[in-house]
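Quick look at entry.cif (mmCIF, C-alpha atoms):
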data_model
#
loop_
_atom_site.label_atom_id
_atom_site.label_comp_id
_atom_site.auth_asym_id
_atom_site.auth_seq_id
_atom_site.Cartn_x
_atom_site.Cartn_y
_atom_site.Cartn_z
CA MET B 30 0.00 0.00 0.00
CA VAL B 31 1.08 3.56 -0.69
CA PHE B 32 0.54 6.23 1.97
CA LYS B 33 0.70 9.95 1.18
CA THR B 34 2.32 11.42 4.27
CA ASP B 35 2.93 14.84 5.86
CA LEU B 36 4.71 14.52 9.21
CA HIS B 37 5.39 18.17 10.06
CA ILE B 38 2.26 20.22 10.79
CA HIS B 39 1.93 22.89 13.47
CA SER B 40 -1.25 23.53 15.45
CA THR B 41 -2.60 26.34 17.60
CA LEU B 42 -0.08 25.35 20.27
CA SER B 43 2.86 26.68 18.24
CA PRO B 44 2.99 30.44 18.82
CA CYS B 45 4.27 31.04 15.29
CA GLY B 46 1.31 29.13 13.87
CA SER B 47 -2.24 30.12 13.07
CA LEU B 48 -4.94 30.28 15.71
CA GLY B 49 -7.14 28.62 13.10
CA SER B 50 -4.96 25.50 13.03
CA SER B 51 -6.91 23.38 15.48
CA PRO B 52 -6.46 19.61 15.33
CA GLN B 53 -10.01 19.36 13.99
CA LYS B 54 -9.29 21.73 11.10
CA ILE B 55 -5.89 20.13 10.44
CA VAL B 56 -7.54 16.73 10.05
CA ALA B 57 -10.29 18.10 7.82
CA GLU B 58 -7.79 19.80 5.51
CA ALA B 59 -5.56 16.73 5.39
CA ALA B 60 -8.52 14.55 4.45
CA ARG B 61 -9.60 17.07 1.81
CA LYS B 62 -6.12 16.89 0.27
CA GLU B 63 -6.18 13.08 0.38
CA LEU B 64 -3.32 12.69 2.81
CA ASP B 65 -3.28 9.27 4.41
CA ILE B 66 -0.88 9.79 7.33
CA ILE B 67 -0.18 13.06 9.12
CA ALA B 68 1.57 14.15 12.30
CA VAL B 69 1.01 17.26 14.38
CA SER B 70 4.50 18.38 15.39
CA ASP B 71 4.43 21.50 17.53
CA HIS B 72 7.41 23.33 18.95
CA ASN B 73 8.67 21.72 22.18
CA SER B 74 5.26 20.47 23.29
CA THR B 75 2.87 17.56 22.77
CA ARG B 76 -0.13 19.03 24.59
CA ASN B 77 -2.41 19.12 21.52
CA LEU B 78 -1.73 15.51 20.55
CA PRO B 79 -4.59 13.96 22.57
CA ALA B 80 -7.06 16.20 20.75
CA PHE B 81 -5.39 15.38 17.44
CA LYS B 82 -5.77 11.65 18.03
CA LYS B 83 -9.48 12.02 18.75
CA ALA B 84 -10.04 14.38 15.81
CA ALA B 85 -8.25 12.01 13.43
CA ASP B 86 -10.38 8.98 14.29
CA GLY B 87 -11.61 7.41 11.06
CA LYS B 88 -10.47 10.34 8.90
CA VAL B 89 -6.67 10.15 8.65
CA ILE B 90 -4.02 7.96 10.23
CA PRO B 91 -2.37 9.93 13.06
CA LEU B 92 1.28 9.83 14.04
CA PHE B 93 2.46 11.93 16.94
CA GLY B 94 5.21 14.48 16.58
CA ILE B 95 7.12 17.28 18.22
CA GLU B 96 9.73 19.67 16.85
CA VAL B 97 12.45 19.99 19.47
CA GLN B 98 14.80 22.95 19.62
CA THR B 99 18.06 21.68 21.11
CA ILE B 100 20.57 23.65 23.15
CA SER B 101 22.39 24.51 19.90
CA GLU B 102 19.15 25.92 18.41
CA THR B 103 18.93 22.94 16.06
CA HIS B 104 15.43 21.74 15.23
CA ILE B 105 14.81 17.99 15.38
CA LEU B 106 11.56 16.52 14.04
CA VAL B 107 10.49 13.64 16.28
CA ILE B 108 7.78 11.11 15.36
CA PHE B 109 6.05 8.39 17.40
CA ASP B 110 3.24 6.01 16.50
CA LYS B 111 2.01 5.67 20.08
CA LEU B 112 0.45 8.62 21.88
CA ASP B 113 1.66 7.57 25.32
CA ALA B 114 5.28 7.44 24.11
CA ALA B 115 4.91 10.88 22.53
CA MET B 116 3.44 12.32 25.72
CA SER B 117 6.22 10.79 27.83
CA PHE B 118 8.79 12.34 25.52
CA GLY B 119 6.91 15.64 25.69
CA ASP B 120 7.26 15.56 29.47
CA ILE B 121 11.03 15.08 29.11
CA ILE B 122 11.26 18.06 26.78
CA PHE B 123 9.09 20.27 28.99
CA ASN B 124 11.20 19.40 32.03
CA ASN B 125 14.27 20.58 30.13
CA LEU B 126 12.64 23.78 28.88
CA PRO B 127 13.62 27.01 30.66
CA GLU B 128 10.85 28.60 32.70
CA THR B 129 10.80 31.69 30.50
CA PRO B 130 7.22 32.96 30.23
CA ASN B 131 5.60 33.45 26.87
CA ASN B 132 4.85 36.98 25.70
CA PRO B 133 1.71 36.47 23.59
CA GLU B 134 1.80 39.99 22.17
CA TYR B 135 5.27 39.32 20.75
CA PHE B 136 5.36 35.58 20.04
CA GLY B 137 1.66 34.73 19.78
CA ASP B 138 -0.70 32.63 21.89
CA GLN B 139 0.08 28.99 22.67
CA VAL B 140 -3.38 27.47 22.70
CA VAL B 141 -4.29 24.02 23.99
CA VAL B 142 -7.62 22.81 22.61
CA ASP B 143 -9.75 19.67 22.55
CA GLU B 144 -10.99 17.80 19.50
CA ASN B 145 -14.03 20.12 19.27
CA GLU B 146 -11.89 23.30 19.28
CA THR B 147 -12.79 24.19 22.85
CA ILE B 148 -9.93 26.10 24.46
CA LEU B 149 -8.61 24.15 27.43
CA ASP B 150 -5.57 26.20 28.38
CA PHE B 151 -2.90 28.62 27.27
CA GLU B 152 0.64 27.28 27.64
CA GLU B 153 2.39 29.92 29.72
CA ARG B 154 5.98 28.77 29.23
CA LEU B 155 7.59 30.00 26.02
CA LEU B 156 7.86 27.16 23.52
CA LEU B 157 10.06 29.01 21.02
CA GLN B 158 13.30 28.51 22.93
CA SER B 159 16.00 25.88 23.35
CA VAL B 160 15.83 22.98 25.76
CA SER B 161 18.90 22.08 27.82
CA LEU B 162 19.63 18.95 25.75
CA ASN B 163 22.01 18.60 22.83
CA VAL B 164 21.16 16.94 19.53
CA GLU B 165 22.57 13.55 20.45
CA GLU B 166 20.81 13.52 23.83
CA VAL B 167 17.48 14.29 22.17
CA CYS B 168 17.91 11.57 19.55
CA LEU B 169 18.92 8.96 22.12
CA LYS B 170 15.88 9.76 24.26
CA VAL B 171 13.66 9.51 21.17
CA HIS B 172 15.00 6.07 20.32
CA SER B 173 14.67 4.87 23.91
CA LEU B 174 10.91 5.48 23.60
CA GLY B 175 10.60 3.90 20.16
CA GLY B 176 10.45 7.06 18.06
CA LEU B 177 12.18 8.38 14.94
CA ALA B 178 14.38 11.49 14.80
CA PHE B 179 15.10 13.69 11.79
CA PRO B 180 17.14 16.91 11.71
CA ALA B 181 14.50 19.30 10.36
CA HIS B 182 14.78 21.48 7.25
CA ILE B 183 18.55 20.95 6.99
CA ASP B 184 18.82 23.39 4.08
CA ARG B 185 17.63 26.44 6.02
CA ASP B 186 19.92 29.23 7.15
CA SER B 187 18.63 29.15 10.73
CA PHE B 188 17.53 26.49 13.22
CA SER B 189 18.93 23.67 11.07
CA ILE B 190 21.69 21.25 11.98
CA LEU B 191 23.88 22.62 9.18
CA SER B 192 23.33 26.28 10.08
CA GLN B 193 24.00 25.62 13.76
CA LEU B 194 26.61 22.83 13.82
CA GLY B 195 27.97 23.18 10.30
CA TYR B 196 27.79 19.44 9.60
CA ILE B 197 25.99 16.24 10.57
CA PRO B 198 28.15 14.08 12.86
CA GLU B 199 28.62 10.65 11.28
CA ASN B 200 27.60 8.68 14.36
CA LEU B 201 24.56 10.80 15.22
CA PRO B 202 21.64 8.41 15.87
CA ILE B 203 19.13 9.81 13.37
CA ASP B 204 16.70 8.07 11.04
CA GLY B 205 16.92 10.45 8.10
CA ILE B 206 16.97 14.13 7.18
CA GLU B 207 14.19 16.54 6.26
CA ILE B 208 14.38 18.98 3.34
CA SER B 209 12.32 22.18 3.48
CA SER B 210 10.03 23.61 0.83
CA GLY B 211 12.81 26.03 -0.17
CA LEU B 212 14.50 23.52 -2.48
CA SER B 213 13.40 20.84 -4.88
CA ILE B 214 14.63 17.34 -4.11
CA LYS B 215 16.93 17.57 -7.16
CA GLU B 216 18.39 20.88 -5.97
CA ALA B 217 18.83 19.57 -2.44
CA GLY B 218 20.58 16.46 -3.72
CA GLU B 219 23.00 18.58 -5.72
CA ARG B 220 23.64 20.86 -2.76
CA PHE B 221 24.06 18.10 -0.16
CA PRO B 222 25.34 15.02 -2.06
CA GLU B 223 27.22 13.67 0.96
CA TYR B 224 24.15 13.68 3.19
CA PHE B 225 21.82 12.39 0.47
CA ALA B 226 24.16 9.44 0.02
CA ARG B 227 24.31 8.79 3.75
CA TYR B 228 20.74 9.32 4.97
CA PRO B 229 17.14 8.71 3.91
CA VAL B 230 15.44 11.96 2.91
CA ILE B 231 11.89 13.06 3.68
CA ARG B 232 9.91 16.16 2.80
CA ASN B 233 6.95 17.65 4.66
CA SER B 234 4.94 20.85 4.54
CA ASP B 235 6.06 22.28 7.91
CA ALA B 236 2.66 23.92 7.72
CA HIS B 237 1.95 26.77 10.12
CA TYR B 238 -1.30 27.64 8.33
CA ILE B 239 -4.15 25.38 7.26
CA GLN B 240 -3.79 26.09 3.55
CA ASP B 241 -0.17 24.89 3.59
CA ILE B 242 -0.94 21.38 4.84
CA GLY B 243 0.07 18.81 2.24
CA SER B 244 1.91 21.35 0.10
CA PHE B 245 4.91 19.02 0.37
CA PHE B 246 4.79 15.36 1.32
CA THR B 247 6.44 11.96 1.05
CA PHE B 248 4.96 8.72 -0.27
CA PHE B 249 5.65 5.59 1.76
CA GLU B 250 5.05 2.20 0.16
CA MET B 251 4.66 -0.30 2.99
CA GLU B 252 2.42 -2.95 4.51
CA GLU B 253 0.87 -0.87 7.29
CA PRO B 254 1.12 2.63 8.81
CA SER B 255 3.57 1.95 11.64
CA LEU B 256 6.97 3.33 12.57
CA SER B 257 8.60 -0.04 12.02
CA GLU B 258 7.23 -0.05 8.47
CA ILE B 259 8.24 3.58 7.91
CA LYS B 260 11.75 2.76 9.07
CA GLN B 261 11.95 -0.11 6.57
CA ALA B 262 10.64 2.20 3.84
CA LEU B 263 13.27 4.79 4.72
CA LEU B 264 15.93 2.10 4.36
CA GLU B 265 14.36 0.70 1.15
CA SER B 266 14.20 -2.67 2.93
CA ASN B 267 12.00 -5.76 2.41
CA GLY B 268 10.17 -4.29 -0.56
CA ARG B 269 9.26 -1.09 1.27
CA ARG B 270 10.28 2.28 -0.17
CA HIS B 271 9.68 6.01 -0.03
CA TYR B 272 9.55 8.51 -2.85
CA PHE B 273 8.29 11.96 -3.78
CA ASP B 274 6.39 11.57 -7.07
CA ALA B 275 3.28 9.50 -7.60
#
Please express what this file holds, its structure, as structure tokens.
Amino acid sequence: MVFKTDLHIHSTLSPCGSLGSSPQKIVAEAARKELDIIAVSDHNSTRNLPAFKKAADGKVIPLFGIEVQTISETHILVIFDKLDAAMSFGDIIFNNLPETPNNPEYFGDQVVVDENETILDFEERLLLQSVSLNVEEVCLKVHSLGGLAFPAHIDRDSFSILSQLGYIPENLPIDGIEISSGLSIKEAGERFPEYFARYPVIRNSDAHYIQDIGSFFTFFEMEEPSLSEIKQALLESNGRRHYFDA
């Protein structure tokens, strides 16, 4: 089976996102655009994932994400297929997040909602800041809970592993790399041949607004929508594969 997949979508919880990006609306837009698998991946928090799971029921296949900003200001996209594992990881990240308060007038509101768009809370701690963990520590904690870790938008001039560290350490425990919407896959491959040869590559929308959901995506050809199958597809193993054109 082939699954059209967008694993990097921000909700109302991300202060840089749209207040209209509730889990309910995210799911509706993803279904409208015929996405099969999606993940909500907010900055440094998993608090909207329970609502996302309920909203997704019977409409799209949910995976559970978070975009972690490490101590080096490197963004790591983290994906789980079990909500409890994602929430446990979210607790680890929150416990390593400085207690700097959010300034909604400057950064935007950080809104926690339920599956019916009822506001449950406003996250008071600023999510757009670095946790006290380095890239390797984050990736190791992800793997200990059964998740996948991808340096996000590696081609960007800020908040990417290449902009912040200058290179990708060879022994870093990652499952692939993500390319942003700023480059085509061909352009990215020409710009980063070493990393394209070394790592599986994925592409997602990184949508902060509803209309951007599914603007970029990855196809996964696999037996079922699980992380173990996705990992095999990333490695082109056992007949599984991933690609970017239908």
Requested in this report: Kindly give the distance, in Å, that separates CA of His271 (chain B) and CA of Tyr224 (chain B), rounded to a single decimal.
Outcome: 16.7 Å
Requested in this report: Can you pull out every residue within 7 Å of Asp235 (chain B), counting only C-alpha atoms, but drop anything in the same chain fewer than 6 positions away, and send it as a PyMOL selection string?
Outcome: chain B and resi 37-39
**Report entry** Shell of 9 Å around Gly268 (chain B), only C-alpha atoms, local chain residues under 3 positions omitted, as number ranges by chain
**Finding:** B: 250-251, 261-262, 265
Evaluating the PyMOL selection byres ((chain B and resi 79-88) around 7) on the displayed file yields which residues, as a PDB file with C-alpha atoms, in the coordinates of the input?
ATOM      1  CA  PRO B  52      -6.460  19.610  15.330  1.00  0.00           C
ATOM      2  CA  GLN B  53     -10.010  19.360  13.990  1.00  0.00           C
ATOM      3  CA  VAL B  56      -7.540  16.730  10.050  1.00  0.00           C
ATOM      4  CA  ALA B  60      -8.520  14.550   4.450  1.00  0.00           C
ATOM      5  CA  ASN B  77      -2.410  19.120  21.520  1.00  0.00           C
ATOM      6  CA  LEU B  78      -1.730  15.510  20.550  1.00  0.00           C
ATOM      7  CA  VAL B  89      -6.670  10.150   8.650  1.00  0.00           C
ATOM      8  CA  ILE B  90      -4.020   7.960  10.230  1.00  0.00           C
ATOM      9  CA  PRO B  91      -2.370   9.930  13.060  1.00  0.00           C
ATOM     10  CA  VAL B 142      -7.620  22.810  22.610  1.00  0.00           C
ATOM     11  CA  ASP B 143      -9.750  19.670  22.550  1.00  0.00           C
ATOM     12  CA  GLU B 144     -10.990  17.800  19.500  1.00  0.00           C
TER      13      GLU B 144
END
Query raised in the report: For the file shown, what are the residues hit by the PyMOL selection byres ((chain B and resi 103-108) around 10), laid out as a ChimeraX atom specification?
Result: /B:36-37,68-73,92-102,109-111,114-115,118,159,163-164,167-168,171-172,175-183,187-194,203-204,206-207,256
Query - Pairwise distance for CA of Asn267 (chain B) and CA of Ile197 (chain B), rounded to one decimal in Å - result: 27.3 Å
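CA of Gly211 (chain B) is positioned 10.7 Å from CA of Asp186 (chain B).
Using all atoms listed in the file, the shortest contact distance between Ile214 (chain B) and any of B:Leu162, B:Gly46, B:Phe273, B:Ile239 is found at B:Phe273.
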Report task. I would like the residues chosen by the PyMOL selection byres ((chain B and resi 199) around 12) on the shown file; could you give them as an NGL selection string? Result -> :B and (165 or 196-198 or 200-203 or 223-224 or 227-228)
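By chain and then residue number, the residues within 10 Å of Gly218 (chain B) are Ile208, Leu212, Tyr224, Phe225, Ala226 and Val230 of chain B, counting all atoms listed in the file and disregarding those fewer than 6 positions away in sequence.
With all atoms listed in the file taken into account, the protein and nucleic acid residues at most 7 Å from region 127-131 of chain B (excluding it and anything under 3 positions from it in its own chain) are Glu153, Arg154, Leu155 and Val160 of chain B.
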8 Å per side around region 121-131 of chain B: axis-aligned box centre and edge lengths, as lines of an AutoDock Vina configuration file:
center_x = 9.9
center_y = 24.3
center_z = 29.7
size_x = 24.7
size_y = 34.4
size_z = 21.9
**Report entry** Who sits within 10 Å of Ser244 (chain B), only C-alpha atoms, same chain under 2 positions skipped, as a PyMOL selection string
**Finding:** chain B and resi 35+62+210+232-236+240-242+246
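Using all atoms listed in the file, the smallest distance between any of B:Glu63, B:Gln158, B:Ser257, B:Glu146 and Phe123 (chain B) comes from B:Gln158.
Distances here use only C-alpha atoms; by that measure, the residue among B:Val31, B:Asp138, B:Arg76, B:His237 closest to Asp120 (chain B) is B:Arg76.
Proximity ranking of B:Glu219, B:Asp274, B:Asp113, B:Asp150 relative to Asp184 (chain B) places B:Glu219 first, based on only C-alpha atoms.
Minimum distance to Glu152 (chain B) across B:Asn124, B:Ser43, B:Ser255, B:Thr34 (counting all atoms listed in the file) occurs at B:Ser43.
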